[in-house]
>>> print(open('entry36.csv').read())   # CSV, C-alpha atoms
chain,number,residue,atom,x,y,z
A,1,MET,CA,60.1,388.0,71.2
A,2,ALA,CA,61.4,390.9,73.4
A,3,ARG,CA,65.0,391.1,74.3
A,4,HIS,CA,66.5,390.9,77.8
A,5,ARG,CA,69.7,392.4,79.0
A,6,GLY,CA,72.2,390.9,81.4
A,7,ASN,CA,72.8,387.3,82.2
A,8,GLN,CA,69.1,386.8,83.0
A,9,LYS,CA,67.7,384.2,80.8
A,10,PRO,CA,64.5,385.0,79.4
A,11,LYS,CA,61.6,383.0,80.8
A,12,PRO,CA,59.5,381.2,78.4
A,13,LEU,CA,56.1,382.8,78.1
A,14,ARG,CA,53.1,380.4,78.1
A,15,ALA,CA,50.4,381.5,75.9
A,16,VAL,CA,46.9,380.4,76.8
A,17,ALA,CA,44.4,380.3,74.0
A,18,GLN,CA,41.9,382.4,75.9
A,19,GLN,CA,44.6,385.0,76.5
A,20,ASN,CA,45.8,385.2,73.0
A,21,ARG,CA,43.4,387.9,72.3
A,22,GLY,CA,45.8,390.4,73.8
A,23,ILE,CA,48.4,389.7,71.3
A,24,TYR,CA,46.0,390.7,68.6
A,25,GLN,CA,44.7,393.7,70.5
A,26,VAL,CA,47.8,395.4,72.1
A,27,SER,CA,51.2,393.7,72.1
A,28,ALA,CA,52.4,395.7,75.0
A,29,CYS,CA,49.4,394.7,77.1
A,30,PHE,CA,50.3,391.1,76.4
A,31,TRP,CA,53.9,391.7,77.5
A,32,LEU,CA,52.8,393.6,80.6
A,33,GLU,CA,50.5,390.8,81.6
A,34,LYS,CA,53.0,388.0,81.0
A,35,ALA,CA,56.3,389.7,81.9
A,36,ALA,CA,55.4,392.3,84.4
A,37,GLY,CA,52.3,390.6,85.8
A,38,VAL,CA,50.0,393.4,85.1
A,39,LYS,CA,46.5,392.0,84.5
A,40,PHE,CA,44.6,393.0,81.6
A,41,PRO,CA,41.8,395.2,82.7
A,42,GLY,CA,38.5,393.4,82.8
A,43,MET,CA,34.9,394.6,82.5
A,44,PRO,CA,33.7,396.9,85.2
A,45,ALA,CA,31.4,395.2,87.8
A,46,PHE,CA,27.7,395.2,87.0
A,47,LEU,CA,26.2,396.5,90.3
A,48,LEU,CA,22.7,397.6,89.1
A,49,ASN,CA,20.9,394.5,90.3
A,50,THR,CA,22.9,394.5,93.6
A,51,ASN,CA,22.3,398.1,94.3
A,52,THR,CA,18.6,397.7,93.4
A,53,ASP,CA,18.4,394.7,95.8
A,54,ASN,CA,20.1,396.8,98.5
A,55,LEU,CA,17.8,399.7,98.0
A,56,LEU,CA,14.8,397.5,98.1
A,57,LYS,CA,16.0,395.7,101.2
A,58,LYS,CA,16.8,399.0,102.9
A,59,ASP,CA,13.3,400.3,101.9
A,60,LEU,CA,11.6,397.1,103.1
A,61,ASP,CA,13.6,397.0,106.3
A,62,GLN,CA,11.9,400.3,107.3
A,63,TYR,CA,8.5,398.6,107.4
A,64,ARG,CA,9.6,395.2,108.6
A,65,GLY,CA,7.6,394.3,111.7
A,66,LYS,CA,5.5,397.5,111.3
A,67,GLY,CA,3.1,396.3,108.6
A,68,PRO,CA,3.0,395.7,104.9
A,69,HIS,CA,4.9,398.0,102.6
A,70,PRO,CA,2.8,400.6,100.9
A,71,VAL,CA,3.7,399.2,97.5
A,72,MET,CA,2.9,395.7,98.6
A,73,GLN,CA,-0.3,396.9,100.2
A,74,ALA,CA,-1.2,398.8,97.1
A,75,ALA,CA,-0.4,395.7,95.0
A,76,LYS,CA,-2.5,393.6,97.3
A,77,GLU,CA,-5.3,396.1,97.2
A,78,LEU,CA,-5.0,396.2,93.5
A,79,GLN,CA,-5.1,392.4,93.2
A,80,GLU,CA,-8.1,392.3,95.5
A,81,ALA,CA,-9.8,395.0,93.5
A,82,LYS,CA,-9.1,393.1,90.4
A,83,ALA,CA,-10.5,389.9,91.9
A,84,LYS,CA,-13.6,391.8,93.2
A,85,LYS,CA,-14.0,393.4,89.9
A,86,ALA,CA,-13.8,390.1,88.2
A,87,GLU,CA,-16.3,388.7,90.6
A,88,GLN,CA,-18.6,391.6,89.9
A,89,ILE,CA,-18.2,391.2,86.2
A,90,GLN,CA,-18.8,387.4,86.5
A,91,ALA,CA,-21.9,388.1,88.7
A,92,LEU,CA,-23.2,390.7,86.2
A,93,LYS,CA,-22.6,388.3,83.4
A,94,ALA,CA,-24.4,385.5,85.3
A,95,GLU,CA,-27.2,387.9,86.1
A,96,LEU,CA,-27.4,389.1,82.5
A,97,GLU,CA,-27.4,385.5,81.3
A,98,LYS,CA,-30.1,384.7,83.8
A,99,GLU,CA,-32.2,387.7,82.7
A,100,LEU,CA,-31.7,386.8,79.1
A,101,LEU,CA,-32.7,383.1,79.8
A,102,GLN,CA,-35.7,384.3,81.9
A,103,LYS,CA,-36.7,386.6,79.1
A,104,ALA,CA,-36.3,383.8,76.5
A,105,LEU,CA,-38.2,381.4,78.7
A,106,GLN,CA,-40.9,384.0,79.3
A,107,GLU,CA,-41.2,384.7,75.6
A,108,THR,CA,-41.4,380.9,75.0
A,109,TYR,CA,-44.0,380.4,77.7
A,110,GLU,CA,-46.0,383.4,76.5
A,111,GLN,CA,-45.9,382.0,73.0
A,112,GLN,CA,-46.9,378.5,74.2
A,113,ILE,CA,-49.7,380.0,76.4
A,114,LYS,CA,-50.9,382.0,73.4
A,115,GLU,CA,-50.9,378.9,71.2
A,116,ARG,CA,-52.7,376.9,73.9
A,117,ASP,CA,-55.3,379.7,74.4
A,118,ASP,CA,-55.8,379.8,70.6
A,119,ALA,CA,-56.2,376.0,70.6
A,120,ILE,CA,-58.6,376.1,73.5
A,121,GLU,CA,-60.7,378.8,71.7
A,122,ARG,CA,-60.7,376.6,68.6
A,123,LEU,CA,-61.8,373.6,70.5
A,124,LYS,CA,-64.5,375.6,72.3
A,125,ASP,CA,-65.7,376.8,69.0
A,126,ILE,CA,-65.7,373.3,67.5
A,127,LYS,CA,-67.3,371.9,70.6
A,128,ALA,CA,-70.0,374.6,70.5
A,129,LYS,CA,-70.8,373.8,66.9
A,130,LEU,CA,-70.6,370.0,67.1
A,131,SER,CA,-73.7,367.8,67.7
A,132,THR,CA,-74.3,366.6,71.2
A,133,GLN,CA,-74.0,363.0,70.2
A,134,MET,CA,-70.8,362.4,72.1
A,135,LEU,CA,-72.3,363.9,75.3
A,136,GLY,CA,-75.4,361.8,74.8
A,137,GLU,CA,-73.4,358.6,74.4
A,138,THR,CA,-71.6,359.5,77.6
A,139,LEU,CA,-74.9,359.8,79.5
A,140,GLU,CA,-76.1,356.5,77.9
A,141,GLN,CA,-73.0,354.7,79.2
A,142,HIS,CA,-73.7,356.2,82.6
A,143,CYS,CA,-77.3,354.9,82.7
A,144,GLU,CA,-76.3,351.5,81.3
A,145,THR,CA,-73.5,351.1,83.9
A,146,ALA,CA,-75.9,352.1,86.7
A,147,PHE,CA,-78.4,349.6,85.6
A,148,ASN,CA,-75.9,346.8,85.1
A,149,GLN,CA,-74.6,347.3,88.7
A,150,ILE,CA,-77.9,346.3,90.1
A,151,ARG,CA,-79.3,344.1,87.3
A,152,ALA,CA,-78.4,340.7,89.0
A,153,THR,CA,-80.1,341.6,92.3
A,154,ALA,CA,-83.0,343.9,91.4
A,155,PHE,CA,-83.9,342.9,87.8
A,156,PRO,CA,-82.6,339.3,87.2
A,157,LYS,CA,-85.2,338.5,84.5
A,158,ALA,CA,-85.3,341.9,82.9
A,159,TYR,CA,-84.2,342.8,79.3
A,160,PHE,CA,-82.3,346.0,79.0
A,161,GLU,CA,-80.5,346.6,75.7
A,162,LYS,CA,-79.9,349.3,73.1
A,163,ASP,CA,-82.5,349.7,70.5
A,164,ASN,CA,-80.8,348.8,67.2
A,165,ASP,CA,-83.9,348.3,65.1
A,166,ALA,CA,-84.2,351.3,62.7
A,167,LYS,CA,-86.4,349.7,60.1
A,168,ALA,CA,-89.1,352.3,60.5
A,169,GLY,CA,-86.5,355.1,60.0
A,170,SER,CA,-85.9,355.9,63.7
A,171,LYS,CA,-85.1,354.2,67.0
A,172,GLY,CA,-84.9,354.9,70.7
A,173,ASP,CA,-81.8,354.5,72.8
A,174,TYR,CA,-82.7,351.6,75.2
A,175,ILE,CA,-85.6,349.2,75.7
A,176,PHE,CA,-86.4,347.8,79.1
A,177,ARG,CA,-88.7,344.7,79.5
A,178,ASP,CA,-89.3,342.8,82.7
A,179,PHE,CA,-91.0,339.4,82.9
A,180,ASP,CA,-92.5,337.1,85.6
A,181,ASN,CA,-93.1,333.4,84.6
A,182,GLY,CA,-93.1,334.3,81.0
A,183,VAL,CA,-95.6,337.2,81.4
A,184,GLU,CA,-94.3,340.7,80.6
A,185,LEU,CA,-94.8,342.9,83.6
A,186,MET,CA,-94.0,346.2,81.9
A,187,SER,CA,-91.8,347.7,79.1
A,188,ILE,CA,-90.2,351.1,78.7
A,189,MET,CA,-88.7,352.9,75.8
A,190,PHE,CA,-85.9,355.2,76.9
A,191,GLU,CA,-84.6,358.2,75.0
A,192,ILE,CA,-81.4,359.8,76.5
A,193,LYS,CA,-80.5,363.4,75.7
A,194,ASN,CA,-77.6,365.6,76.9
A,195,GLU,CA,-75.8,368.7,75.7
A,196,ALA,CA,-72.9,370.9,76.8
A,197,ALA,CA,-73.2,374.3,78.4
A,198,THR,CA,-71.5,375.8,75.3
A,199,THR,CA,-73.6,374.0,72.7
A,200,ALA,CA,-74.5,376.5,70.0
A,201,THR,CA,-78.0,375.2,69.3
A,202,LYS,CA,-80.0,374.7,72.5
A,203,LYS,CA,-82.7,372.0,72.4
A,204,ARG,CA,-85.9,371.6,74.5
A,205,ASN,CA,-87.3,368.4,76.0
A,206,GLU,CA,-90.6,368.8,74.1
A,207,ASP,CA,-88.7,368.6,70.8
A,208,PHE,CA,-88.1,364.9,71.4
A,209,LEU,CA,-91.5,363.8,72.8
A,210,LYS,CA,-93.3,363.1,69.5
A,211,GLU,CA,-90.5,361.0,68.1
A,212,LEU,CA,-90.2,359.1,71.4
A,213,ASP,CA,-93.9,358.3,71.3
A,214,LYS,CA,-93.6,357.1,67.7
A,215,ASP,CA,-90.6,354.8,68.6
A,216,ARG,CA,-92.5,353.5,71.7
A,217,ASN,CA,-95.6,352.5,69.7
A,218,GLU,CA,-93.5,350.9,66.9
A,219,LYS,CA,-91.6,348.7,69.5
A,220,GLY,CA,-94.7,347.9,71.5
A,221,CYS,CA,-93.5,349.5,74.8
A,222,GLU,CA,-96.0,350.4,77.5
A,223,TYR,CA,-94.1,353.4,78.9
A,224,ALA,CA,-91.9,356.1,77.3
A,225,ILE,CA,-89.3,357.9,79.4
A,226,LEU,CA,-87.0,360.8,78.3
A,227,VAL,CA,-83.8,360.9,80.4
A,228,SER,CA,-82.7,364.4,79.8
A,229,MET,CA,-80.1,367.0,80.8
A,230,LEU,CA,-81.6,369.6,78.5
A,231,GLU,CA,-83.0,372.8,79.9
A,232,ALA,CA,-80.7,372.7,82.9
A,233,ASP,CA,-82.1,375.9,84.4
A,234,SER,CA,-85.7,374.8,84.2
A,235,ASP,CA,-87.3,374.4,87.7
A,236,LEU,CA,-90.0,372.2,86.2
A,237,TYR,CA,-87.5,369.4,85.2
A,238,ASN,CA,-85.1,370.0,88.1
A,239,ASN,CA,-87.7,369.2,90.7
A,240,GLY,CA,-87.9,365.5,89.9
A,241,ILE,CA,-90.1,363.3,87.7
A,242,VAL,CA,-92.3,365.2,85.3
A,243,ASP,CA,-95.4,363.5,84.0
A,244,VAL,CA,-96.2,364.5,80.4
A,245,SER,CA,-99.1,362.1,80.0
A,246,TYR,CA,-101.3,365.0,79.1
A,247,ARG,CA,-99.3,365.2,75.8
A,248,TYR,CA,-98.6,361.5,75.2
A,249,PRO,CA,-99.9,358.5,77.3
A,250,LYS,CA,-97.6,357.0,80.0
A,251,MET,CA,-94.7,359.3,79.2
A,252,PHE,CA,-92.3,360.9,81.7
A,253,VAL,CA,-89.3,363.3,81.6
A,254,ILE,CA,-86.7,362.7,84.3
A,255,ARG,CA,-83.1,363.7,85.2
A,256,PRO,CA,-80.4,361.0,85.2
A,257,GLN,CA,-80.5,360.6,89.0
A,258,PHE,CA,-84.1,359.4,88.8
A,259,PHE,CA,-83.3,356.7,86.2
A,260,LEU,CA,-83.2,353.7,88.5
A,261,PRO,CA,-85.9,354.9,91.0
A,262,MET,CA,-88.3,355.4,88.0
A,263,ILE,CA,-87.7,351.9,86.8
A,264,THR,CA,-88.3,350.5,90.3
A,265,LEU,CA,-91.4,352.6,90.8
A,266,LEU,CA,-93.0,351.4,87.5
A,267,ARG,CA,-92.0,347.8,88.1
A,268,ASN,CA,-93.5,347.8,91.6
A,269,ALA,CA,-96.7,349.2,90.2
A,270,ALA,CA,-96.7,346.5,87.5
A,271,LEU,CA,-96.3,343.8,90.1
A,272,SER,CA,-99.6,344.8,91.8
A,273,SER,CA,-101.5,344.1,88.6
A,274,LEU,CA,-99.6,340.9,87.8
A,275,GLU,CA,-102.7,338.7,88.3
A,276,TYR,CA,-104.8,340.7,85.9
A,277,LYS,CA,-102.0,340.7,83.4
A,278,THR,CA,-101.6,336.9,83.7
A,279,GLN,CA,-105.3,336.4,83.0
A,280,LEU,CA,-105.2,338.9,80.1
A,281,ALA,CA,-102.1,337.0,78.7
A,282,LEU,CA,-104.0,333.7,79.0
A,283,ILE,CA,-107.1,335.2,77.2
A,284,LYS,CA,-104.8,336.6,74.5
A,285,GLU,CA,-103.0,333.2,74.1
A,286,GLN,CA,-106.4,331.5,73.7
A,287,ASN,CA,-107.4,334.1,71.1
A,288,ILE,CA,-104.1,333.6,69.4
A,289,ASP,CA,-104.7,329.8,69.3
A,290,ILE,CA,-108.2,330.3,67.7
A,291,THR,CA,-106.7,332.8,65.3
A,292,HIS,CA,-103.9,330.3,64.5
A,293,PHE,CA,-106.5,327.5,63.8
A,294,GLU,CA,-108.4,329.8,61.5
A,295,GLU,CA,-105.3,330.8,59.8
A,296,ASN,CA,-104.1,327.2,59.4
A,297,LEU,CA,-107.6,326.3,57.9
A,298,GLU,CA,-107.5,329.2,55.5
A,299,THR,CA,-103.9,328.2,54.6
A,300,PHE,CA,-105.0,324.6,53.9
A,301,LYS,CA,-108.0,325.8,51.8
A,302,ASP,CA,-105.7,328.1,49.8
A,303,ALA,CA,-103.2,325.3,49.3
A,304,PHE,CA,-105.8,322.7,48.4
A,305,SER,CA,-107.5,325.2,45.9
A,306,LYS,CA,-104.1,326.0,44.4
A,307,ASN,CA,-103.2,322.3,44.1
A,308,TYR,CA,-106.7,321.5,42.6
A,309,ASP,CA,-106.3,324.3,40.0
A,310,ILE,CA,-102.9,323.0,39.1
A,311,ALA,CA,-104.1,319.3,38.8
A,312,SER,CA,-107.2,320.4,36.8
A,313,ARG,CA,-104.9,322.3,34.4
A,314,LYS,CA,-102.6,319.4,34.1
A,315,PHE,CA,-105.6,317.0,33.4
A,316,GLN,CA,-107.0,319.3,30.7
A,317,THR,CA,-103.6,319.5,29.1
A,318,ALA,CA,-103.3,315.7,29.2
A,319,ILE,CA,-106.8,315.3,27.6
A,320,ALA,CA,-105.9,317.7,24.9
A,321,GLU,CA,-102.6,315.9,24.2
A,322,ILE,CA,-104.6,312.6,24.0
A,323,ASP,CA,-107.0,314.1,21.6
A,324,LYS,CA,-104.2,315.3,19.5
A,325,SER,CA,-102.7,311.8,19.6
A,326,ILE,CA,-106.0,310.3,18.6
A,327,ASP,CA,-106.3,312.7,15.6
A,328,HIS,CA,-102.8,311.8,14.6
A,329,LEU,CA,-103.4,308.1,14.9
A,330,GLN,CA,-106.7,308.4,12.9
A,331,LYS,CA,-104.8,310.2,10.2
A,332,THR,CA,-102.2,307.5,10.3
A,333,LYS,CA,-104.9,304.8,10.1
A,334,ASP,CA,-106.6,306.5,7.1
A,335,ALA,CA,-103.2,306.8,5.4
A,336,LEU,CA,-102.6,303.0,6.0
A,337,LEU,CA,-106.1,302.1,4.8
A,338,SER,CA,-105.5,304.2,1.7
A,339,SER,CA,-102.1,302.5,1.1
A,340,ASP,CA,-103.8,299.1,1.4
A,341,ARG,CA,-106.3,300.0,-1.3
A,342,GLN,CA,-103.6,301.1,-3.5
A,343,LEU,CA,-101.6,297.9,-2.9
A,344,ARG,CA,-104.7,295.8,-3.7
A,345,LEU,CA,-105.2,297.6,-6.9
A,346,ALA,CA,-101.6,297.3,-7.8
A,347,ASN,CA,-101.8,293.5,-7.0
A,348,ASP,CA,-104.9,293.1,-9.2
A,349,LYS,CA,-103.1,294.9,-12.0
A,350,ALA,CA,-100.0,292.7,-11.5
A,351,GLN,CA,-102.2,289.5,-11.6
A,352,ASP,CA,-103.8,290.7,-14.8
A,353,VAL,CA,-100.4,291.0,-16.6
A,354,THR,CA,-99.6,288.2,-19.3
A,355,ILE,CA,-96.9,287.7,-21.9
A,356,LYS,CA,-99.4,288.2,-24.6
A,357,LYS,CA,-100.3,291.5,-23.2
A,358,LEU,CA,-96.7,292.5,-22.7
A,359,THR,CA,-95.7,291.5,-26.3
A,360,ARG,CA,-98.8,292.9,-28.0
A,361,GLY,CA,-97.7,295.3,-30.6
A,362,ASN,CA,-94.0,294.6,-29.9
A,363,GLU,CA,-92.7,292.3,-32.7
A,364,THR,CA,-89.2,292.2,-31.3
A,365,MET,CA,-90.2,290.9,-27.9
A,366,ALA,CA,-92.7,288.5,-29.5
A,367,GLU,CA,-89.9,287.1,-31.6
A,368,LYS,CA,-87.6,286.7,-28.6
A,369,PHE,CA,-90.3,284.8,-26.6
A,370,ARG,CA,-90.9,282.5,-29.5
A,371,GLU,CA,-87.2,281.7,-29.8
A,372,LEU,CA,-87.1,280.9,-26.1
A,373,GLY,CA,-90.1,278.6,-26.5
A,374,ASP,CA,-88.6,276.7,-29.4
A,375,SER,CA,-85.3,276.1,-27.6
>>> encode(input="entry36.csv", output="structure tokens")
Amino acid sequence: MARHRGNQKPKPLRAVAQQNRGIYQVSACFWLEKAAGVKFPGMPAFLLNTNTDNLLKKDLDQYRGKGPHPVMQAAKELQEAKAKKAEQIQALKAELEKELLQKALQETYEQQIKERDDAIERLKDIKAKLSTQMLGETLEQHCETAFNQIRATAFPKAYFEKDNDAKAGSKGDYIFRDFDNGVELMSIMFEIKNEAATTATKKRNEDFLKELDKDRNEKGCEYAILVSMLEADSDLYNNGIVDVSYRYPKMFVIRPQFFLPMITLLRNAALSSLEYKTQLALIKEQNIDITHFEENLETFKDAFSKNYDIASRKFQTAIAEIDKSIDHLQKTKDALLSSDRQLRLANDKAQDVTIKKLTRGNETMAEKFRELGDS
């Protein structure tokens, strides 16, 4: 501790822990601070931030109330430019994505259209090469539906069904028969033909007339009608009902729209000759009865002759068997008679046997018999 002169008592120095660094740094500084009251020099003031704030405030005050500061305006414009640029970039990205999506969709659609075009071409090719059976069946259903719609009112007693009898090797499509009091008014064999515009092999109506006439005759139909969509460009067949009786009797070629009118026309014509048909049917029935009587008589004759032949053969067989039995019995009789003669001879011989004859020439037996006699 430093010394003090005079009578002044030294004051105790209070050491603070935070201030003890002076002791270690400069002892005199510590003494000056504690004894003389000289403060330890501190760090110089850090005025950079303050001066910066003052300069900025002074610079900003020049534009206060006059408009934005150029720096702020530039910053704002820069921010707006960035935002606008970002929007443009986003719009470009969206447009690019849209274009890419449209391009992908377009490629997909083009591929699908190409595949469909190819499929259509294949179907057209197959359809052109296939038979017209499906088209024909569709036209058949149309005609059948059209007839059934008026069947109950116009043709209540008529028969109209598909021809399913192919015993002769072929068949028509439909058979129509109409009756009045059990008498057949008229009958029609229908053949229905159709084909598509793209059918590879084109048919003509005349190609089916011969087969239709054959089917009509086999099924006993009076009329034959070809309902046809063939030769669609022919003026002959497009004008209406075409009579081809010059080729085959009572045969017509019509378009589908004349299907019902043709049936009605032929039916009305048949009604006018109903009386003659009734008389003809009666005569036929009488002829059939006579024919049936003759057939039954011939059948009886054949059956009687057959039974007589069978009975005669059985009788001859029985006579032959009886003759055989008689021969067998005669043989049996002769055998029995022969046996009787043999037995009679045997009996005679047995009756002729005596002891003398038995012992003749046999001394031993003779001696035995004598002994028996003596005893």
>>> axis_aligned_box(input="entry36.csv", around="range 112-122 of chain A", padding_each_side="8 Å", output="AutoDock Vina command-line options")
--center_x -53.8 --center_y 379.0 --center_z 72.5 --size_x 29.8 --size_y 22.0 --size_z 23.8
>>> atom_distance(input="entry36.csv", atom1="CA of Val242 in chain A", atom2="CA of Ile188 in chain A")
15.7 Å
>>> closest_residue(input="entry36.csv", among="A:Lys331, A:Lys193, A:Lys250, A:Lys214", to="Ala168 in chain A", atoms="only C-alpha atoms")
A:Lys214
>>> atom_distance(input="entry36.csv", atom1="CA of Gly172 in chain A", atom2="CA of Ala154 in chain A")
23.5 Å
>>> closest_residue(input="entry36.csv", among="A:Leu260, A:Ile241, A:Leu101, A:Leu230", to="Cys143 in chain A", atoms="only C-alpha atoms")
A:Leu260
>>> atom_distance(input="entry36.csv", atom1="CA of Lys171 in chain A", atom2="CA of Met189 in chain A")
9.6 Å
>>> closest_residue(input="entry36.csv", among="A:Met72, A:Ser245, A:Glu211, A:Lys368", to="Gly169 in chain A", atoms="only C-alpha atoms")
A:Glu211
>>> residues_around(input="entry36.csv", residues="Glu222 in chain A", least_positions_apart="3", cutoff="10 Å", atoms="all atoms listed in the file", output="VMD selection string")
chain A and resid 177 185 to 189 216 to 217 219 249 to 251
>>> residues_around(input="entry36.csv", residues="Thr264 in chain A", least_positions_apart="6", cutoff="12 Å", atoms="all atoms listed in the file", output="PyMOL selection string")
chain A and resi 147+150-151+154-155+158+176+178+186+188+258+270-271
>>> closest_residue(input="entry36.csv", among="A:Gln102, A:Glu371, A:Thr201, A:Arg255", to="Asp235 in chain A", atoms="only C-alpha atoms")
A:Arg255
>>> residues_around(input="entry36.csv", residues="Tyr237 in chain A", least_positions_apart="6", cutoff="8 Å", atoms="all atoms listed in the file", output="list of chain:residue names")
A:Glu231, A:Val253, A:Ile254, A:Arg255
